[in-house]
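Peer 1: Would you mind keeping the following structure in view while I ask a few things?
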Amino acid sequence: MSTPTPDSGRDGPGDRGQANLPVLAVALLVVTAATGLGLALADGAFAGAERSPGERHVAVSLSERLVAPDGPLTNRGNTLNRTRVARLDAARLDEWFPVAESCDVRIRLDGETVVERGDPTGGTTVRRVVLLEQRQSRTLDLPTDRVTLPRRTPRVTLDVDPPAATTVTAVRANGRVVLHDPSGLDGSYDVALSRLETATLAVEHSGPFTPATVDLTYYPARTTKAELVVTVDA
């Protein structure tokens, strides 16, 4: 009569291998998922690393071109002409600043959006402190035939209307003849002046000079600081 072999309660080698299979499968799944996530993050990081320098280059180049001395929006380096800026639109942006023609762009000045193309929700932003200049007209009556303007101006408009007994033959600006007619000046004249110096105007005439003989309009600049914000999203 055979004696039954008692059950030791331990699994054999085959049983242990089968028991470990689910654990191994889960481990492989976790490793595979982690590897895939790591590759996705790495791809995103590499894409961002390649994308950001290009965006920044365009944003910096555009901001520099906007305030360049020979740019279409400036009176001089870093000084924007408010009137010209107001005319900037998407079409002129492409024409004048082709560096950004393939990107979504937003340009803000002094807290207001000047132009926006596309949907630049992210991207790279460059900020610059600039001067914003606007010309204003001021009119003077000339009480005498010589006057020094209180402000610099790039031009003046002279309305010459002499009385019957007076003939205005010439106008000088800082000693230089800017208008001349021996038979007599009469009417409206635009005269270009130097931006770099204050002008003294002298009227040459025969006969009496009255305050109504010449009206003068000049165009001084009002300049304020502003923040230029350029956002480029490539």
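Note on naming: chains are A, B, ... as they come in the structure tokens, residues start from 1 per chain, ligands start from 1 in the order shown.
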Fewer than 3 positions away in the same chain doesn't count, so skip those; otherwise give me all residues within 6 Å of A:Val232, counting only C-alpha atoms, as a PyMOL selection string.
Peer 2: chain A and resi 59+104-105+123-124
Peer 1: Would you give me, as a tab-separated table, each residue of stretch 129-178 of chain A having an atom within 7 Å of an atom of stretch 210-228 of chain A, along with its shortest atom pair and that distance in Å to one decimal, using only C-alpha atoms and sorting by chain and residue number?
Peer 2:
residue	atom	partner	partner_atom	distance
A:Val129	CA	A:Glu227	CA	4.7
A:Val130	CA	A:Ala226	CA	5.4
A:Leu131	CA	A:Lys225	CA	4.6
A:Leu132	CA	A:Thr224	CA	5.3
A:Glu133	CA	A:Thr223	CA	4.4
A:Gln134	CA	A:Arg222	CA	5.3
A:Arg135	CA	A:Ala221	CA	4.5
A:Gln136	CA	A:Tyr219	CA	5.2
A:Ser137	CA	A:Tyr219	CA	4.6
A:Arg138	CA	A:Tyr218	CA	5.4
A:Thr139	CA	A:Thr217	CA	4.2
A:Leu140	CA	A:Leu216	CA	5.1
A:Asp141	CA	A:Asp215	CA	5.1
A:Leu142	CA	A:Pro211	CA	5.2
A:Pro143	CA	A:Pro211	CA	4.5
A:Thr144	CA	A:Pro211	CA	6.8
A:Arg151	CA	A:Pro220	CA	6.0
A:Arg152	CA	A:Pro220	CA	6.0
A:Thr153	CA	A:Pro220	CA	5.0
A:Arg155	CA	A:Tyr218	CA	6.4
A:Val156	CA	A:Tyr218	CA	4.6
A:Thr157	CA	A:Thr217	CA	5.0
A:Leu158	CA	A:Leu216	CA	4.8
A:Asp159	CA	A:Asp215	CA	5.1
A:Val160	CA	A:Val214	CA	4.6
A:Asp161	CA	A:Thr213	CA	5.1
A:Pro162	CA	A:Thr213	CA	4.4
A:Pro163	CA	A:Thr213	CA	6.7
Peer 1: Selected residues, C-alpha atoms, written as a PDB file, in the first residue's frame, please.
Peer 2:
ATOM      1  CA  VAL A 129      11.266 101.473 -25.156  1.00  0.00           C
ATOM      2  CA  VAL A 130      10.863 103.917 -28.036  1.00  0.00           C
ATOM      3  CA  LEU A 131      10.023 107.549 -28.673  1.00  0.00           C
ATOM      4  CA  LEU A 132       6.707 108.376 -30.295  1.00  0.00           C
ATOM      5  CA  GLU A 133       6.647 111.640 -32.207  1.00  0.00           C
ATOM      6  CA  GLN A 134       3.719 113.612 -33.553  1.00  0.00           C
ATOM      7  CA  ARG A 135       3.797 116.915 -35.421  1.00  0.00           C
ATOM      8  CA  GLN A 136       1.405 119.671 -34.380  1.00  0.00           C
ATOM      9  CA  SER A 137       0.681 122.888 -36.232  1.00  0.00           C
ATOM     10  CA  ARG A 138       1.163 126.273 -34.577  1.00  0.00           C
ATOM     11  CA  THR A 139       0.361 129.614 -36.209  1.00  0.00           C
ATOM     12  CA  LEU A 140       2.135 132.891 -35.522  1.00  0.00           C
ATOM     13  CA  ASP A 141       1.357 136.421 -36.574  1.00  0.00           C
ATOM     14  CA  LEU A 142       4.560 138.272 -37.367  1.00  0.00           C
ATOM     15  CA  PRO A 143       4.454 141.610 -35.543  1.00  0.00           C
ATOM     16  CA  THR A 144       7.776 142.538 -37.155  1.00  0.00           C
ATOM     17  CA  ARG A 151      10.668 125.369 -31.520  1.00  0.00           C
ATOM     18  CA  ARG A 152      12.532 123.456 -34.199  1.00  0.00           C
ATOM     19  CA  THR A 153      10.456 122.473 -37.192  1.00  0.00           C
ATOM     20  CA  ARG A 155       9.112 123.203 -42.447  1.00  0.00           C
ATOM     21  CA  VAL A 156       6.964 126.314 -42.286  1.00  0.00           C
ATOM     22  CA  THR A 157       3.999 127.536 -44.276  1.00  0.00           C
ATOM     23  CA  LEU A 158       4.016 131.248 -45.078  1.00  0.00           C
ATOM     24  CA  ASP A 159       0.837 133.024 -46.121  1.00  0.00           C
ATOM     25  CA  VAL A 160       1.958 136.290 -47.674  1.00  0.00           C
ATOM     26  CA  ASP A 161      -0.734 138.943 -48.065  1.00  0.00           C
ATOM     27  CA  PRO A 162       0.900 142.371 -48.108  1.00  0.00           C
ATOM     28  CA  PRO A 163      -1.087 145.599 -48.125  1.00  0.00           C
TER      29      PRO A 163
END
Peer 1: Per DSSP on the backbone, what are the helix (DSSP H, G or I) residues of stretch 12-223 of chain A, as a PyMOL selection string?
Peer 2: chain A and resi 13-66+82-86+90-96+98-100
Peer 1: Any chance you could list, as an MDAnalysis selection string, the residues in stretch 20-211 of chain A that come up strand (DSSP E) when DSSP is run on the backbone?
Peer 2: chainID A and resid 74:76 79:81 104:109 112:117 124:135 138:141 146:148 155:160 167:173 176:180 187:192 200:206
Peer 1: Enter the distance from atom CA of A:Asp233 to atom CA of A:Val85, in Å, rounded to one decimal.
Peer 2: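 Taking atom CA of A:Asp233 as the start and atom CA of A:Val85 as the end point, the length is 21.5 Å.
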Peer 1: At what distance in Å, to one decimal, does atom CA of A:Asp94 lie from atom CA of A:His57?
Peer 2: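 Separation of atom CA of A:His57 and atom CA of A:Asp94: 16.8 Å.
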Peer 1: Between A:Val58, A:Val126, A:Leu66, A:Leu196, which has the minimum distance to A:Trp96 (counting only C-alpha atoms)?
Peer 2: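 The closest residue to A:Trp96 is A:Leu66.
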Peer 1: To one decimal place, how far is atom CA of A:Arg117 from atom CA of A:Ser61 in Å?
Peer 2: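 Distance between the two atoms: 17.1 Å.
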Peer 1: Name all residues at most 8 Å from A:Arg106 (count only C-alpha atoms; drop same-chain ones fewer than 3 positions away) and give them as a list in words.
Peer 2: Thr113, Val114, Val115, Glu116, Arg117, Pro120, Val230, Thr231 and Val232 of chain A
Peer 1: Using only N, CA and C atoms, please write the residues we just selected to a file, as a compact mmCIF listing (two decimals), in the first residue's frame.
Peer 2:
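Contents of the output file result-v9.txt:
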# COMPACT_ATOMS: atom_id res chain seq x y z
N THR A 113 -3.04 97.80 -29.90
CA THR A 113 -2.63 96.96 -31.02
C THR A 113 -2.61 97.80 -32.30
N VAL A 114 -1.45 97.83 -32.94
CA VAL A 114 -1.29 98.55 -34.20
C VAL A 114 -1.72 97.67 -35.37
N VAL A 115 -1.22 96.44 -35.39
CA VAL A 115 -1.57 95.50 -36.45
C VAL A 115 -1.43 94.08 -35.89
N GLU A 116 -2.32 93.21 -36.35
CA GLU A 116 -2.27 91.80 -35.96
C GLU A 116 -2.60 90.96 -37.17
N ARG A 117 -1.75 89.97 -37.42
CA ARG A 117 -1.99 89.05 -38.53
C ARG A 117 -1.93 87.63 -38.01
N PRO A 120 -1.39 85.01 -33.15
CA PRO A 120 -0.17 84.85 -32.35
C PRO A 120 -0.47 84.67 -30.87
N VAL A 230 6.47 93.47 -29.75
CA VAL A 230 6.40 92.68 -30.99
C VAL A 230 6.30 91.20 -30.61
N THR A 231 5.23 90.55 -31.06
CA THR A 231 5.05 89.12 -30.81
C THR A 231 5.05 88.38 -32.14
N VAL A 232 5.87 87.35 -32.23
CA VAL A 232 5.97 86.53 -33.44
C VAL A 232 5.71 85.08 -33.05
Peer 1: Out of A:Gly175, A:Pro53, A:Pro98, A:Pro154, which residue has the shortest atom-to-atom distance to A:Arg65 when counting only C-alpha atoms?
Peer 2: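 So, comparing all the options, the nearest one is A:Pro98.
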Peer 1: Give me the residues within 8 Å of A:Ala68 as a ChimeraX atom specification, counting only C-alpha atoms and dropping any in the same chain fewer than 5 places off.
Peer 2: /A:74,76-78
Peer 1: Any chance you can output those residues with N, CA and C atoms as a CSV table (one decimal), in the first residue's frame?
Peer 2:
chain,number,residue,atom,x,y,z
A,74,THR,N,9.8,105.6,-39.1
A,74,THR,CA,10.6,106.5,-38.2
A,74,THR,C,11.0,107.8,-38.7
A,76,ARG,N,13.6,109.3,-37.1
A,76,ARG,CA,15.1,109.0,-36.9
A,76,ARG,C,15.1,107.7,-36.1
A,77,GLY,N,16.4,107.3,-35.8
A,77,GLY,CA,16.5,106.1,-35.0
A,77,GLY,C,15.8,106.0,-33.7
A,78,ASN,N,15.0,105.0,-33.5
A,78,ASN,CA,14.2,104.7,-32.3
A,78,ASN,C,13.1,105.7,-32.1
